[in-house]
Every structure is written in structure tokens, then in C-alpha cells.
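For reference, the structure discussed in these notes is given below.
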Amino acid sequence: MMRIGILLDGLKVKQWQYEIIQYIESHANLEFTALMINANESKFVSPGSFFYRASQALDRKIFSVKNDAFKEVSLDKNQEKTSLFYVEGEEKRFSYKFSPRDIELVRELNLDIMIRFGFGILRGDILNAVNYGIWSLHHGDNRINRGGPPAFWEVANREDVTGITLQKLSEDLDGGKVIKRSFIKTNTTSFYRNKNEAFWAGVELFNLALDELSRGILKYEDEENSLQFYSHPLYKDPNNNTSIKILLKFWSRRSLEVLKEKITTPQWYILYKFKRNSSVEKSIFRYKKLYPPKGYDWADPFIVKENHKFYLFFEEIKIGSGKGHISLFEFDDKGNLINKEPVKILEEEYHLSYPFILKEGSNYYMLPESANANDLWLYKSEEFPKKWKKYRKIFSKKQIYDASLYFHEGYWYLFGTEKLSRGGNRDQYLHLYYAKDLNTEIWTPHPLNPLSLDVRGARPAGKIFKKNGKLLRPTQIGAPKYGYGIQINEIENLSTTEFSEKKVGDIFPKWDNGLFASHTLNFIDGFTVIDAQGEIKK
């Protein structure tokens, strides 16, 4: 049982802090042992510049959030179950030092970790008074962003991603030993929304690390062999002049974006290229285009070859409806389109997309995404390619995004992304499940789940394939926007106990003018398909 203490400035906490506390209390191998309250009345509170505070208040009012990580929650009920201590230390403008008496008290509690939710920047011997140190979240990538405000400068500087870093504290500001880090897409539409999403990601990161610690598998980031210098400024709350400049730039950009949305709308379409006796076509500017009618999206293309024909399965959706279905194009053996209009082949009461197709023996199966239904069904073809029926429920009451199957060394492996919390990101956390038989409802979660914490390269973007003896997994680059590009990862290790992969290539939407995104790639026998999102006038 891991014994945990928490440092707070009072018995009222934010929702994101409360979520971590609840996780500790509900975990079988974690014990919420002690709560330490800062009894000092701080004399060094810095409210920030007027224009910074005013702009953030305005942003929060205009851009509301569904799951507010900063809602206040009282911890009064926890006092009965947890030892409560009030600490009076030496507080300076930028630091806090525990007294020798309080440090000795902490040592006597024999805590495994302490979590810093208050007290400011800690200095002195308290940093070494517990077994695994004092843990703290920095809502930024500490390799490029140290200081504060949290998740602010990423929006101001229009950075693609916002990092979250969990550290074992040291005397070096935001430079402690890294326990774990993750990355979300920066929400450039709002400072408050980005901050809210970053703090929810911090909850998920913290809970993952606590669970790994309890199971004895936690690994710190390797810094011994790194020569990573911090060459960026120490960020601070912006002064009035800087705040005005940031505010004017932000609202000018947002006004142009809103105006552009009134005039144009993004639309997904499909591109394809057939080269007989060839592998995947790498020059996308050579592809032919399949445009949907105005008001519709065509995306997530999958290609199958059967009886000297090629069959293109894809998601078709009326823009704004939120409910897609699976449609089909047919091509002859020379890559010529047969049916000029798509044929609808699978529709449910809920949204369907990403029609993952596989052949096992003489049977064809489809695993379309149905996260909105909270279920994942495997379909079987009754009359290929147009008639399908539900065959096996893989998951119940679980949202899996872009589930993709691959058979490897006697096991079926199922890849997909999942949310970890109600305020979490659907594109960030790669999960893997395995089973011996495709005809089963029992899929075992991989012990290393989630396998990825980075929105850039987690979510599947097509079928896993082999090339030159290498096992390659197409993935979505989920920043600076959803489905922005495709990253090709080489799977180095894949088993029921191990997994590792590395980036070996990428595709960005730059081969034509007016492109925004591209997020699915598939090919078979010289026929390659990909999708893209472009700009059309309303």
C-alpha cells in the first residue's frame, strides 16, 4: 500500500485536484494518509496586471466549458478519514521552506510520495523527506515552457500542442526529474478552454503515474544521457502592455476566423491512385480526386480487392448532421471507377465511420467506428460487398475511436484511442487489446495501456501493413487541428506484454492549395487511397 500525503493551501480545492484525491481514495493500492495545510497568511500574492486579469475573465465568460476543472469543491468530509496537519513555514516571495520540526513530522509519517497542490515553490530538505519525493504538475512542456501562466503562452504563441509535465520536484523551477509527460492539441479558440483541457489532461497523467507506481512499473524519463538545455525564457504573467498586444492579436485572429467560417466551409473528399504492380504511391499530387456533393463529407477510405475488382468503402455524412453511414465505390481491375454515385451499404441509428475491413478465411468482416453508441460491433458480410450484418459485439459500454485489427504471432490485436476522463481527449490515448480468436467478446487490455499519451501519432489512421519487413502503423497527427496529418510509425515490439514504436514518416496537407487536413491512408495491390479536407465556398 502506497502512503500518500497532499499539500494544500486550504480545505477548498479545484475540481481537477478533487478528481486526483478521489482516484487515490478509490484505488486498492493507494492510501490517502495525510493532509497538510499551509497555515501561513501569504503576504506575496501577485494578482497579475489589470489587462491580463480582465482579458482572462472576459475569455472565461465568453468561452464556457462543459466540464469545468476549476469548480470549487470542499474537502471537509475527508478530515475524518485522513490525518490533518497545519504547517507554518518560512515563506518568501518565490519560495516556501518547511521548518525542521515539520520536516521531521513528515519523515515520521513514512510517506511514499507527497503531492503539491499548494505552498508555492518548495525549497530545502522537505524535497527529500519522502520515499519517492514530492510530485507536482507543470501545465506546459518544461523543455520549452517554464514559468506561467499555465497553458497560456501556447495559445498566445499559437503553438500546435500544449504539453503537461509531471515532475519530482527539485530546487530547479520546473526542472525536476520528469515522471511522465503528455501532449494535447492547443485549443487556440480560447485561453480558458485550453487551460481547462490541459488541467484535465493533468488529472489523467497524474492518475496513470500513481497507478504505475502502485504496480511497481513506473519509469522516470531518461535524463542522464540527455544534453537538453533550456534555452527559452522564464515565462511570467504578462504586464499591461504585453496583455494588450496579445489581446488585440488574439481577437483580430478570432474575428477573421469567424468571418471565414461564414464565407467558406471545410469539406472532406477522397483521393486515389492506381499503379499496377506497384506499392503505395508516395506522390499525392498525382492522385485523382473524388468530390462529394455540396453539403456532404467523404472520408476514412478503405480499399479491398476481390474478384479482379477494387472496392472503396468510406464514411459518408451530411455536414452538420452528426450521423454518418458507410458507402461504397467500385473500380475495375485497371483502376477505373464503375459507379459514378456511391452506394449506401451500412446505416444504423447512430453515427458510423472508419469502415475497417479485413478478410479472415473466405469471410469479410467490417469494424466501423460507433463510439457514439458506446458499443463496438464486428460486422460480417452476407453478400460481399453490399450486404452486412452484426456478427459479434467486441465491447459494451466503451467508446473506442477508429478501432483497427491486426493478426500477429497467434493473436488478434485491436488498436484504438479512448478518453480517460469526462473532460479528456479522444485522440490522445492509444489503447491495445488482444485475443486468440476473432470470434470472441473477451478482449484482454494490454498491461502497458495507454501506449501513447501524445495527440500526435496515437489514433489509428488506416490498416497496419508490412513494407520491407517492417510493421508500419498509420496514425493521425491530431495537432494543430483534428486529423491534421498522418504519421507512419514502425512497430518495433508487439506482444501481449510489450509494445514499442517509432516515427518513420509523415504526410502533411501541403500538396495542394486550400488544404486543412488528411487523416486516413490505405492501399492494396497498387491501389492507394487517402482523404483530405479542403476549403469550399458556401
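Naming scheme: A, B, ... for chains in displayed order of the C-alpha cells; residues 1 onward per chain; ligands 1 onward as shown.
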Would you mind writing down, as a ChimeraX atom specification, each residue of range 278-378 of chain A that DSSP on the backbone assigns to strand (DSSP E)? /A:288-290,296-306,309-318,324-331,343-346,353-360,363-369,375-378
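Note that DSSP on the backbone gives alpha helix (DSSP H) to these residues of range 251-414 of chain A: Trp251, Ser252, Arg253, Arg254, Ser255, Leu256, Glu257, Val258, Leu259, Lys260, Glu261, Lys262 and Ile263 of chain A.
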One-decimal distance in Å that lies between CA of Ile319 in chain A and CA of Tyr350 in chain A: 15.0 Å
May I ask which of the residues A:Leu358, A:Ile400, A:Ile217, A:Leu405 is the closest one to Glu418 in chain A, counting only C-alpha atoms?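 Selected residue with least distance to Glu418 in chain A: A:Ile400.
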Identify, on the basis of only C-alpha atoms, every residue whose closest approach to Glu490 in chain A does not exceed 8 Å; exclude the query and any residue fewer than 2 positions from it along the same chain; express the result as a VMD selection string. chain A and resid 470 to 473 488 492 501 to 504
Near-Phe313 in chain A list (6 Å; only C-alpha atoms; drop same-chain fewer than 6 positions) as a PyMOL selection string: chain A and resi 301-302+327-328
Using C-alpha atoms, can you export the residues from the last selection as a PDB file, in the first residue's frame?
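Final file, selection-v7.pdb:
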ATOM      1  CA  PRO A 301     -11.388   5.386 -47.195  1.00  0.00           C
ATOM      2  CA  PHE A 302     -10.565   1.655 -47.075  1.00  0.00           C
ATOM      3  CA  SER A 327     -20.905   3.877 -48.610  1.00  0.00           C
ATOM      4  CA  LEU A 328     -19.145   2.143 -51.497  1.00  0.00           C
TER       5      LEU A 328
END
Kindly give the distance, in Å, that separates CA of Phe94 in chain A and CA of Gly120 in chain A, rounded to a single decimal.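 We find that CA of Phe94 in chain A and CA of Gly120 in chain A lie 7.2 Å from each other.
Going from CA of Gly140 in chain A over to CA of Ile477 in chain A, you cover 19.3 Å.
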I'd like a table as a tab-separated table: residues in range 106-188 of chain A with an atom no more than 12 Å from range 237-240 of chain A, each row giving the shortest atom pair and its distance in Å to one decimal, only C-alpha atoms counted, sorted by chain and rising residue number.
residue	atom	partner	partner_atom	distance
A:Arg146	CA	A:Asp237	CA	11.8
A:Gly147	CA	A:Asp237	CA	8.7
A:Gly148	CA	A:Asp237	CA	6.3
A:Pro149	CA	A:Asp237	CA	5.8
A:Pro150	CA	A:Asp237	CA	9.6
A:Ala151	CA	A:Asp237	CA	11.6
A:Phe152	CA	A:Asp237	CA	9.1
A:Trp153	CA	A:Asp237	CA	9.5
A:Ala156	CA	A:Pro238	CA	10.7
Requested write-out: N, CA, C and O atoms of the selected residues, as an mmCIF file, in the first residue's frame:
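Saved file again.cif follows:
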data_model
loop_
_atom_site.group_PDB
_atom_site.id
_atom_site.type_symbol
_atom_site.label_atom_id
_atom_site.label_comp_id
_atom_site.auth_asym_id
_atom_site.auth_seq_id
_atom_site.Cartn_x
_atom_site.Cartn_y
_atom_site.Cartn_z
ATOM 1 N N ARG A 146 8.757 27.128 -19.245
ATOM 2 C CA ARG A 146 8.845 27.116 -17.791
ATOM 3 C C ARG A 146 8.303 28.434 -17.247
ATOM 4 O O ARG A 146 8.437 29.471 -17.873
ATOM 5 N N GLY A 147 7.708 28.353 -16.092
ATOM 6 C CA GLY A 147 7.067 29.527 -15.510
ATOM 7 C C GLY A 147 5.564 29.451 -15.716
ATOM 8 O O GLY A 147 4.964 28.393 -15.610
ATOM 9 N N GLY A 148 4.927 30.566 -16.010
ATOM 10 C CA GLY A 148 3.473 30.603 -16.138
ATOM 11 C C GLY A 148 3.027 31.774 -16.995
ATOM 12 O O GLY A 148 3.855 32.495 -17.552
ATOM 13 N N PRO A 149 1.730 31.997 -17.087
ATOM 14 C CA PRO A 149 0.621 31.223 -16.526
ATOM 15 C C PRO A 149 0.462 29.876 -17.244
ATOM 16 O O PRO A 149 0.878 29.738 -18.393
ATOM 17 N N PRO A 150 -0.191 28.901 -16.589
ATOM 18 C CA PRO A 150 -0.319 27.582 -17.198
ATOM 19 C C PRO A 150 -1.175 27.594 -18.456
ATOM 20 O O PRO A 150 -2.239 28.217 -18.490
ATOM 21 N N ALA A 151 -0.674 26.924 -19.503
ATOM 22 C CA ALA A 151 -1.396 26.728 -20.771
ATOM 23 C C ALA A 151 -1.819 28.044 -21.432
ATOM 24 O O ALA A 151 -2.741 28.069 -22.241
ATOM 25 N N PHE A 152 -1.123 29.127 -21.114
ATOM 26 C CA PHE A 152 -1.469 30.449 -21.659
ATOM 27 C C PHE A 152 -0.623 30.797 -22.881
ATOM 28 O O PHE A 152 -1.146 31.171 -23.939
ATOM 29 N N TRP A 153 0.689 30.658 -22.738
ATOM 30 C CA TRP A 153 1.582 31.111 -23.795
ATOM 31 C C TRP A 153 1.466 30.244 -25.046
ATOM 32 O O TRP A 153 1.776 30.706 -26.154
ATOM 33 N N ALA A 156 -1.184 32.069 -26.882
ATOM 34 C CA ALA A 156 -0.667 33.368 -27.323
ATOM 35 C C ALA A 156 0.314 33.212 -28.484
ATOM 36 O O ALA A 156 0.322 34.027 -29.418
#
Residue nearest Lys273 in chain A among A:Val73, A:Leu521, A:Ile536, A:Ala209 (counting only C-alpha atoms):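 Between A:Val73, A:Leu521, A:Ile536, A:Ala209, the residue approaching Lys273 in chain A most closely is A:Leu521.
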Between A:Val304, A:Gly416, A:Gln399, A:Val106, which is the closest to Met366 in chain A once you count only C-alpha atoms?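 Among the listed residues, the smallest separation from Met366 in chain A belongs to A:Val304.
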Could you list, with a cut-off of 12 Å and counting only C-alpha atoms, the residues of range 241-350 of chain A near range 187-193 of chain A, each shown with its nearest atom pair and the distance in Å rounded to one decimal, rows sorted by chain and ascending number, as a Markdown table?
| residue | atom | partner | partner_atom | distance |
| --- | --- | --- | --- | --- |
| A:Ile246 | CA | A:Phe191 | CA | 11.1 |
| A:Leu247 | CA | A:Phe191 | CA | 10.5 |
| A:Phe250 | CA | A:Thr189 | CA | 8.8 |
| A:Trp251 | CA | A:Thr189 | CA | 9.6 |
| A:Ser252 | CA | A:Thr189 | CA | 11.8 |
| A:Arg253 | CA | A:Thr189 | CA | 9.4 |
| A:Arg254 | CA | A:Thr189 | CA | 7.0 |
| A:Ser255 | CA | A:Thr189 | CA | 10.6 |
| A:Leu256 | CA | A:Thr189 | CA | 11.9 |
| A:Glu257 | CA | A:Thr189 | CA | 9.4 |
| A:Val258 | CA | A:Thr189 | CA | 10.3 |
Between A:Ser362, A:Ser283, A:Ser136, A:Thr528, which is the closest to Gln17 in chain A once you count only C-alpha atoms? A:Ser136
Pick out the residues sitting within 12 Å of His408 in chain A, and hand them over as JSON, numbers by chain; count only C-alpha atoms, and ignore anything fewer than 2 positions along from it in its own chain. {"A": [405, 406, 410, 411, 412, 413, 414, 434, 435, 436, 437, 464, 465, 466, 471, 491, 493, 494, 495, 496]}
Do a neighbour search on Ile20 in chain A at 7 Å with only C-alpha atoms, toss out local chain neighbours closer than 4 positions, and write the hits as a ChimeraX atom specification. /A:16,24,203,207
Applying 12 Å and only C-alpha atoms, which residues near Glu369 in chain A remain after dropping the ones on its own chain fewer than 6 positions away? List them as a PDB file with N, CA, C and O atoms, in the first residue's frame.
ATOM      1  N   ASP A 300     -12.348   8.671 -44.491  1.00  0.00           N
ATOM      2  CA  ASP A 300     -11.983   7.352 -43.954  1.00  0.00           C
ATOM      3  C   ASP A 300     -12.032   6.254 -45.024  1.00  0.00           C
ATOM      4  O   ASP A 300     -12.723   5.236 -44.866  1.00  0.00           O
ATOM      5  N   PHE A 314     -16.109   3.803 -47.430  1.00  0.00           N
ATOM      6  CA  PHE A 314     -15.785   5.080 -46.807  1.00  0.00           C
ATOM      7  C   PHE A 314     -16.973   5.599 -46.005  1.00  0.00           C
ATOM      8  O   PHE A 314     -18.112   5.112 -46.132  1.00  0.00           O
ATOM      9  N   GLU A 315     -16.703   6.590 -45.185  1.00  0.00           N
ATOM     10  CA  GLU A 315     -17.755   7.281 -44.427  1.00  0.00           C
ATOM     11  C   GLU A 315     -18.369   8.361 -45.292  1.00  0.00           C
ATOM     12  O   GLU A 315     -17.652   9.170 -45.898  1.00  0.00           O
ATOM     13  N   LYS A 323     -24.390  12.300 -38.059  1.00  0.00           N
ATOM     14  CA  LYS A 323     -24.728  10.886 -38.246  1.00  0.00           C
ATOM     15  C   LYS A 323     -24.278  10.425 -39.624  1.00  0.00           C
ATOM     16  O   LYS A 323     -24.908  10.721 -40.634  1.00  0.00           O
ATOM     17  N   GLY A 324     -23.181   9.694 -39.653  1.00  0.00           N
ATOM     18  CA  GLY A 324     -22.650   9.191 -40.899  1.00  0.00           C
ATOM     19  C   GLY A 324     -23.037   7.751 -41.146  1.00  0.00           C
ATOM     20  O   GLY A 324     -23.483   7.037 -40.248  1.00  0.00           O
ATOM     21  N   HIS A 325     -22.857   7.293 -42.379  1.00  0.00           N
ATOM     22  CA  HIS A 325     -23.082   5.895 -42.749  1.00  0.00           C
ATOM     23  C   HIS A 325     -21.934   5.444 -43.649  1.00  0.00           C
ATOM     24  O   HIS A 325     -21.079   6.250 -44.036  1.00  0.00           O
ATOM     25  N   ILE A 326     -21.915   4.164 -43.989  1.00  0.00           N
ATOM     26  CA  ILE A 326     -20.845   3.613 -44.810  1.00  0.00           C
ATOM     27  C   ILE A 326     -21.343   3.449 -46.239  1.00  0.00           C
ATOM     28  O   ILE A 326     -22.417   2.883 -46.481  1.00  0.00           O
ATOM     29  N   GLU A 347     -26.013   1.394 -42.489  1.00  0.00           N
ATOM     30  CA  GLU A 347     -26.505   2.544 -41.733  1.00  0.00           C
ATOM     31  C   GLU A 347     -27.126   2.053 -40.434  1.00  0.00           C
ATOM     32  O   GLU A 347     -27.796   1.015 -40.404  1.00  0.00           O
ATOM     33  N   GLU A 348     -26.908   2.799 -39.359  1.00  0.00           N
ATOM     34  CA  GLU A 348     -27.510   2.500 -38.060  1.00  0.00           C
ATOM     35  C   GLU A 348     -28.197   3.766 -37.542  1.00  0.00           C
ATOM     36  O   GLU A 348     -28.152   4.813 -38.180  1.00  0.00           O
ATOM     37  N   TYR A 350     -27.190   5.373 -35.127  1.00  0.00           N
ATOM     38  CA  TYR A 350     -26.106   6.193 -34.598  1.00  0.00           C
ATOM     39  C   TYR A 350     -25.032   6.387 -35.664  1.00  0.00           C
ATOM     40  O   TYR A 350     -25.063   5.765 -36.734  1.00  0.00           O
ATOM     41  N   HIS A 351     -24.061   7.232 -35.362  1.00  0.00           N
ATOM     42  CA  HIS A 351     -23.008   7.586 -36.311  1.00  0.00           C
ATOM     43  C   HIS A 351     -22.069   6.412 -36.568  1.00  0.00           C
ATOM     44  O   HIS A 351     -21.620   5.737 -35.639  1.00  0.00           O
ATOM     45  N   LEU A 352     -21.770   6.175 -37.840  1.00  0.00           N
ATOM     46  CA  LEU A 352     -20.787   5.183 -38.257  1.00  0.00           C
ATOM     47  C   LEU A 352     -19.708   5.863 -39.092  1.00  0.00           C
ATOM     48  O   LEU A 352     -20.002   6.751 -39.898  1.00  0.00           O
ATOM     49  N   SER A 353     -18.471   5.436 -38.911  1.00  0.00           N
ATOM     50  CA  SER A 353     -17.358   5.957 -39.700  1.00  0.00           C
ATOM     51  C   SER A 353     -16.244   4.916 -39.699  1.00  0.00           C
ATOM     52  O   SER A 353     -16.403   3.816 -39.176  1.00  0.00           O
ATOM     53  N   TYR A 354     -15.117   5.245 -40.310  1.00  0.00           N
ATOM     54  CA  TYR A 354     -13.906   4.414 -40.291  1.00  0.00           C
ATOM     55  C   TYR A 354     -14.234   2.928 -40.513  1.00  0.00           C
ATOM     56  O   TYR A 354     -14.104   2.106 -39.611  1.00  0.00           O
ATOM     57  N   PRO A 355     -14.663   2.552 -41.739  1.00  0.00           N
ATOM     58  CA  PRO A 355     -15.074   1.167 -42.008  1.00  0.00           C
ATOM     59  C   PRO A 355     -13.887   0.223 -42.178  1.00  0.00           C
ATOM     60  O   PRO A 355     -13.554  -0.209 -43.301  1.00  0.00           O
ATOM     61  N   PHE A 356     -13.264  -0.133 -41.074  1.00  0.00           N
ATOM     62  CA  PHE A 356     -12.105  -1.032 -41.119  1.00  0.00           C
ATOM     63  C   PHE A 356     -12.542  -2.390 -41.680  1.00  0.00           C
ATOM     64  O   PHE A 356     -13.430  -3.040 -41.149  1.00  0.00           O
ATOM     65  N   ILE A 357     -11.892  -2.825 -42.763  1.00  0.00           N
ATOM     66  CA  ILE A 357     -12.251  -4.056 -43.470  1.00  0.00           C
ATOM     67  C   ILE A 357     -11.124  -5.073 -43.344  1.00  0.00           C
ATOM     68  O   ILE A 357      -9.944  -4.728 -43.473  1.00  0.00           O
ATOM     69  N   ASP A 375     -20.739   1.227 -27.973  1.00  0.00           N
ATOM     70  CA  ASP A 375     -20.506  -0.182 -28.264  1.00  0.00           C
ATOM     71  C   ASP A 375     -19.577  -0.281 -29.466  1.00  0.00           C
ATOM     72  O   ASP A 375     -19.452   0.666 -30.243  1.00  0.00           O
ATOM     73  N   LEU A 376     -18.959  -1.459 -29.630  1.00  0.00           N
ATOM     74  CA  LEU A 376     -18.153  -1.729 -30.817  1.00  0.00           C
ATOM     75  C   LEU A 376     -18.556  -3.093 -31.358  1.00  0.00           C
ATOM     76  O   LEU A 376     -18.389  -4.111 -30.696  1.00  0.00           O
ATOM     77  N   TRP A 377     -19.097  -3.094 -32.589  1.00  0.00           N
ATOM     78  CA  TRP A 377     -19.589  -4.309 -33.218  1.00  0.00           C
ATOM     79  C   TRP A 377     -18.696  -4.709 -34.387  1.00  0.00           C
ATOM     80  O   TRP A 377     -18.261  -3.863 -35.176  1.00  0.00           O
ATOM     81  N   LEU A 378     -18.483  -6.013 -34.514  1.00  0.00           N
ATOM     82  CA  LEU A 378     -17.858  -6.584 -35.700  1.00  0.00           C
ATOM     83  C   LEU A 378     -18.985  -7.055 -36.617  1.00  0.00           C
ATOM     84  O   LEU A 378     -19.876  -7.802 -36.200  1.00  0.00           O
ATOM     85  N   TYR A 379     -18.966  -6.600 -37.860  1.00  0.00           N
ATOM     86  CA  TYR A 379     -19.969  -6.988 -38.851  1.00  0.00           C
ATOM     87  C   TYR A 379     -19.380  -8.055 -39.779  1.00  0.00           C
ATOM     88  O   TYR A 379     -18.172  -8.084 -40.033  1.00  0.00           O
ATOM     89  N   ILE A 394     -17.811  -6.626 -29.754  1.00  0.00           N
ATOM     90  CA  ILE A 394     -16.457  -6.666 -29.193  1.00  0.00           C
ATOM     91  C   ILE A 394     -16.432  -6.014 -27.816  1.00  0.00           C
ATOM     92  O   ILE A 394     -15.852  -6.545 -26.883  1.00  0.00           O
ATOM     93  N   PHE A 395     -17.051  -4.821 -27.698  1.00  0.00           N
ATOM     94  CA  PHE A 395     -17.089  -4.101 -26.425  1.00  0.00           C
ATOM     95  C   PHE A 395     -18.489  -3.553 -26.183  1.00  0.00           C
ATOM     96  O   PHE A 395     -19.173  -3.123 -27.114  1.00  0.00           O
ATOM     97  N   LYS A 398     -18.367   1.058 -23.975  1.00  0.00           N
ATOM     98  CA  LYS A 398     -16.997   1.557 -24.126  1.00  0.00           C
ATOM     99  C   LYS A 398     -16.893   2.301 -25.449  1.00  0.00           C
ATOM    100  O   LYS A 398     -17.391   1.825 -26.473  1.00  0.00           O
ATOM    101  N   GLN A 399     -16.259   3.464 -25.409  1.00  0.00           N
ATOM    102  CA  GLN A 399     -16.046   4.252 -26.616  1.00  0.00           C
ATOM    103  C   GLN A 399     -14.628   4.027 -27.136  1.00  0.00           C
ATOM    104  O   GLN A 399     -13.657   4.407 -26.491  1.00  0.00           O
ATOM    105  N   ILE A 400     -14.545   3.384 -28.283  1.00  0.00           N
ATOM    106  CA  ILE A 400     -13.265   3.137 -28.948  1.00  0.00           C
ATOM    107  C   ILE A 400     -13.267   3.914 -30.259  1.00  0.00           C
ATOM    108  O   ILE A 400     -14.207   3.793 -31.058  1.00  0.00           O
ATOM    109  N   TYR A 401     -12.224   4.684 -30.488  1.00  0.00           N
ATOM    110  CA  TYR A 401     -12.161   5.510 -31.690  1.00  0.00           C
ATOM    111  C   TYR A 401     -11.222   4.881 -32.715  1.00  0.00           C
ATOM    112  O   TYR A 401     -10.070   4.563 -32.417  1.00  0.00           O
ATOM    113  N   ASP A 402     -11.765   4.675 -33.931  1.00  0.00           N
ATOM    114  CA  ASP A 402     -11.019   4.154 -35.077  1.00  0.00           C
ATOM    115  C   ASP A 402     -10.313   2.834 -34.750  1.00  0.00           C
ATOM    116  O   ASP A 402      -9.097   2.681 -34.950  1.00  0.00           O
ATOM    117  N   ALA A 403     -11.100   1.875 -34.255  1.00  0.00           N
ATOM    118  CA  ALA A 403     -10.550   0.565 -33.911  1.00  0.00           C
ATOM    119  C   ALA A 403      -9.966  -0.117 -35.143  1.00  0.00           C
ATOM    120  O   ALA A 403     -10.571  -0.126 -36.212  1.00  0.00           O
ATOM    121  N   SER A 404      -8.765  -0.686 -34.985  1.00  0.00           N
ATOM    122  CA  SER A 404      -8.050  -1.330 -36.088  1.00  0.00           C
ATOM    123  C   SER A 404      -7.478  -2.656 -35.606  1.00  0.00           C
ATOM    124  O   SER A 404      -6.841  -2.712 -34.548  1.00  0.00           O
ATOM    125  N   PHE A 415      -6.262  -2.066 -31.904  1.00  0.00           N
ATOM    126  CA  PHE A 415      -5.768  -0.736 -31.552  1.00  0.00           C
ATOM    127  C   PHE A 415      -6.921   0.272 -31.625  1.00  0.00           C
ATOM    128  O   PHE A 415      -7.779   0.185 -32.503  1.00  0.00           O
ATOM    129  N   GLY A 416      -6.923   1.253 -30.740  1.00  0.00           N
ATOM    130  CA  GLY A 416      -7.889   2.335 -30.796  1.00  0.00           C
ATOM    131  C   GLY A 416      -7.614   3.332 -29.689  1.00  0.00           C
ATOM    132  O   GLY A 416      -6.916   3.017 -28.720  1.00  0.00           O
ATOM    133  N   THR A 417      -8.135   4.529 -29.820  1.00  0.00           N
ATOM    134  CA  THR A 417      -7.959   5.525 -28.762  1.00  0.00           C
ATOM    135  C   THR A 417      -9.217   5.596 -27.903  1.00  0.00           C
ATOM    136  O   THR A 417     -10.316   5.262 -28.343  1.00  0.00           O
ATOM    137  N   PRO A 460      -5.416   5.605 -34.654  1.00  0.00           N
ATOM    138  CA  PRO A 460      -5.188   4.922 -35.928  1.00  0.00           C
ATOM    139  C   PRO A 460      -5.660   5.733 -37.129  1.00  0.00           C
ATOM    140  O   PRO A 460      -6.639   6.485 -37.050  1.00  0.00           O
TER     141      PRO A 460
END
In terms of the shortest atom-to-atom distance over only C-alpha atoms, which of A:Leu448, A:Ala39, A:Ile121, A:Leu58 is closest to Phe85 in chain A?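 Ranked by minimum distance to Phe85 in chain A, first place goes to A:Ala39.
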